[in-house]
Amino acid sequence: MSETTVVESGVSAPNAEKTNANPFAVGIGNLLTGSNPEKAIGDSIDRLVEYRKNWESTELSSANDVLYGILQHCYALNNTMQGSDNIAKSLKKGLANYIKTHEYKFSDSSPLITKIVKCVFGVDRRRVNAYSTAMKAAMAERVSVLDLPKYFREKGGVEEVRRSATSKGKSIAQKVELGRTVLDGEILAKVQSDSLNASFSNEQLEEGVVLLATREDDGSFAIRRVIQSGTAVKSALAACSSVGAEKEKAQKLADEAKAIEDERLAAQSKLKAA
């Protein structure tokens, strides 16, 4: 089964086949443009559940491509619900209603992707953990929705991605150290106001502060709190560890390239001397 088939056999809107539209795009488009996004998210998950059951009963042994297609849709739902605009808020509210209706249980710290995967694949804890871990690894590598099936194939499958992600995890201290890179990086914006300065405490001087903000409908960011807690600052730095990891990887590659070049020049010098 080709990757194109996976995309086209996933969650689709009625009449998608007749109009030759991409059902994947139509399904996500309905979430964004439908008149009732709270209901739309439940309908989308129900269709994915039906699709998953069909896959399990008829194609489980040989259709990893179908699995990748289902996970691709879960990944897209997760991305669609990111942000704080009205549509994202409505979709997340709809997901919360769906979870309540089906009596699924989650902790406060459960990631959004884990909730979506559990709603689609049921209460098999091992499966939910494996799929959500694999997709969180894809998110960390900034894999696009369309490239997700290809990503899993090239990495050797979902289980291999999960295993690699869990075996090479870094400690919080290591992530904080990597995240410190952003403090010397690009400045996205500068803000200054008397209210912000009044909220800043000179007695709590960490290496940075966390500005808790929401994105408003007009595209602006509203800063709600200035947080100077050491724990919060370290958590924020740890969340930026991927930036430091990328720079660390680039530096390692540069060092390896330099070492190879040095060896080549040394060998060349020996040949000339001989």
# chains A, B, ... in the order shown; residues from 1 in each chain; ligands from 1
call {"tool": "residues_around", "arguments": {"residues": "Lys118 of chain A", "least_positions_apart": "3", "cutoff": "10 Å", "atoms": "only C-alpha atoms", "output": "list in words"}}
result
Ile99, Tyr104, Lys105, Phe106, Ile113, Thr114, Lys115, Phe121, Gly122, Val123, Asp124, Arg125, Arg127, Val128, Asn129, Tyr131 and Ser132 of chain A
call {"tool": "write_last_selection", "arguments": {"atoms": "N, CA and C atoms", "output": "short mmCIF file (atom, residue, chain, number, x, y, z; two decimals), in the first residue's frame"}}
result
data_model
loop_
_atom_site.label_atom_id
_atom_site.label_comp_id
_atom_site.auth_asym_id
_atom_site.auth_seq_id
_atom_site.Cartn_x
_atom_site.Cartn_y
_atom_site.Cartn_z
N ILE A 99 -13.86 13.21 25.79
CA ILE A 99 -13.18 12.44 26.84
C ILE A 99 -14.14 12.17 28.00
N TYR A 104 -12.80 8.56 29.73
CA TYR A 104 -11.36 8.32 29.75
C TYR A 104 -10.75 9.13 30.89
N LYS A 105 -9.69 8.61 31.47
CA LYS A 105 -9.04 9.28 32.59
C LYS A 105 -7.63 9.71 32.20
N PHE A 106 -7.30 10.96 32.51
CA PHE A 106 -5.97 11.48 32.23
C PHE A 106 -5.49 12.30 33.43
N ILE A 113 -1.38 15.06 22.61
CA ILE A 113 -1.27 13.96 21.66
C ILE A 113 -1.61 12.63 22.33
N THR A 114 -1.27 12.48 23.61
CA THR A 114 -1.59 11.26 24.35
C THR A 114 -3.10 11.11 24.50
N LYS A 115 -3.78 12.21 24.75
CA LYS A 115 -5.24 12.16 24.88
C LYS A 115 -5.89 11.75 23.56
N PHE A 121 -7.32 4.87 19.98
CA PHE A 121 -6.86 3.48 20.09
C PHE A 121 -7.36 2.77 21.34
N GLY A 122 -8.08 3.46 22.21
CA GLY A 122 -8.63 2.79 23.38
C GLY A 122 -7.69 2.80 24.56
N VAL A 123 -7.95 1.94 25.53
CA VAL A 123 -7.28 2.02 26.83
C VAL A 123 -6.07 1.10 26.94
N ASP A 124 -5.61 0.53 25.83
CA ASP A 124 -4.39 -0.29 25.87
C ASP A 124 -3.22 0.63 26.20
N ARG A 125 -2.82 0.61 27.46
CA ARG A 125 -1.82 1.57 27.94
C ARG A 125 -0.49 1.46 27.19
N ARG A 127 0.08 0.39 24.13
CA ARG A 127 -0.03 0.91 22.76
C ARG A 127 -0.10 2.43 22.77
N VAL A 128 -0.92 2.98 23.65
CA VAL A 128 -1.05 4.44 23.73
C VAL A 128 0.30 5.08 24.02
N ASN A 129 1.04 4.49 24.96
CA ASN A 129 2.35 5.03 25.32
C ASN A 129 3.32 4.96 24.13
N TYR A 131 2.66 4.79 20.82
CA TYR A 131 2.30 5.68 19.71
C TYR A 131 2.52 7.15 20.08
N SER A 132 2.13 7.53 21.29
CA SER A 132 2.29 8.93 21.68
C SER A 132 3.77 9.29 21.84
#
call {"tool": "select_by_dssp", "arguments": {"residues": "segment 180-214 of chain A", "states": "alpha helix (DSSP H)", "output": "VMD selection string"}}
result
chain A and resid 194 to 199
call {"tool": "closest_residue", "arguments": {"among": "A:Val182, A:Ala189, A:Ala236, A:Leu48", "to": "Ser220 of chain A", "atoms": "only C-alpha atoms"}}
result
A:Ala189
call {"tool": "closest_atom_pairs", "arguments": {"of": "segment 179-222 of chain A", "to": "segment 237-261 of chain A", "cutoff": "10 Å", "atoms": "only C-alpha atoms", "output": "tab-separated table"}}
result
residue	atom	partner	partner_atom	distance
A:Gly179	CA	A:Ser241	CA	4.0
A:Arg180	CA	A:Leu237	CA	6.1
A:Thr181	CA	A:Gly244	CA	5.4
A:Val182	CA	A:Val243	CA	7.2
A:Leu183	CA	A:Leu237	CA	8.8
A:Gly185	CA	A:Val243	CA	9.7
A:Glu207	CA	A:Leu237	CA	9.9
A:Gly208	CA	A:Leu237	CA	9.1
A:Val210	CA	A:Leu237	CA	9.6
call {"tool": "write_last_selection", "arguments": {"atoms": "N, CA and C atoms", "output": "mmCIF file, in the first residue's frame"}}
result
data_model
loop_
_atom_site.group_PDB
_atom_site.id
_atom_site.type_symbol
_atom_site.label_atom_id
_atom_site.label_comp_id
_atom_site.auth_asym_id
_atom_site.auth_seq_id
_atom_site.Cartn_x
_atom_site.Cartn_y
_atom_site.Cartn_z
ATOM 1 N N GLY A 179 19.410 24.044 26.903
ATOM 2 C CA GLY A 179 18.453 25.116 26.664
ATOM 3 C C GLY A 179 19.021 26.505 26.876
ATOM 4 N N ARG A 180 20.090 26.607 27.659
ATOM 5 C CA ARG A 180 20.691 27.924 27.915
ATOM 6 C C ARG A 180 21.169 28.600 26.632
ATOM 7 N N THR A 181 21.312 27.815 25.584
ATOM 8 C CA THR A 181 21.742 28.370 24.298
ATOM 9 C C THR A 181 20.818 29.491 23.834
ATOM 10 N N VAL A 182 19.517 29.362 24.106
ATOM 11 C CA VAL A 182 18.561 30.356 23.599
ATOM 12 C C VAL A 182 18.751 31.719 24.253
ATOM 13 N N LEU A 183 19.368 31.760 25.430
ATOM 14 C CA LEU A 183 19.568 33.039 26.113
ATOM 15 C C LEU A 183 20.568 33.918 25.375
ATOM 16 N N GLY A 185 20.721 33.621 21.980
ATOM 17 C CA GLY A 185 20.266 33.532 20.598
ATOM 18 C C GLY A 185 19.489 34.751 20.142
ATOM 19 N N GLU A 207 18.664 33.355 35.835
ATOM 20 C CA GLU A 207 19.316 33.670 34.564
ATOM 21 C C GLU A 207 18.309 34.079 33.498
ATOM 22 N N GLY A 208 17.063 34.154 33.862
ATOM 23 C CA GLY A 208 16.020 34.585 32.948
ATOM 24 C C GLY A 208 14.708 34.635 33.700
ATOM 25 N N VAL A 210 10.274 33.963 33.090
ATOM 26 C CA VAL A 210 9.260 33.397 32.206
ATOM 27 C C VAL A 210 8.105 34.386 32.122
#
call {"tool": "closest_residue", "arguments": {"among": "A:Tyr151, A:Leu265, A:Ala137, A:Ile41", "to": "Lys89 of chain A", "atoms": "only C-alpha atoms"}}
result
A:Ile41
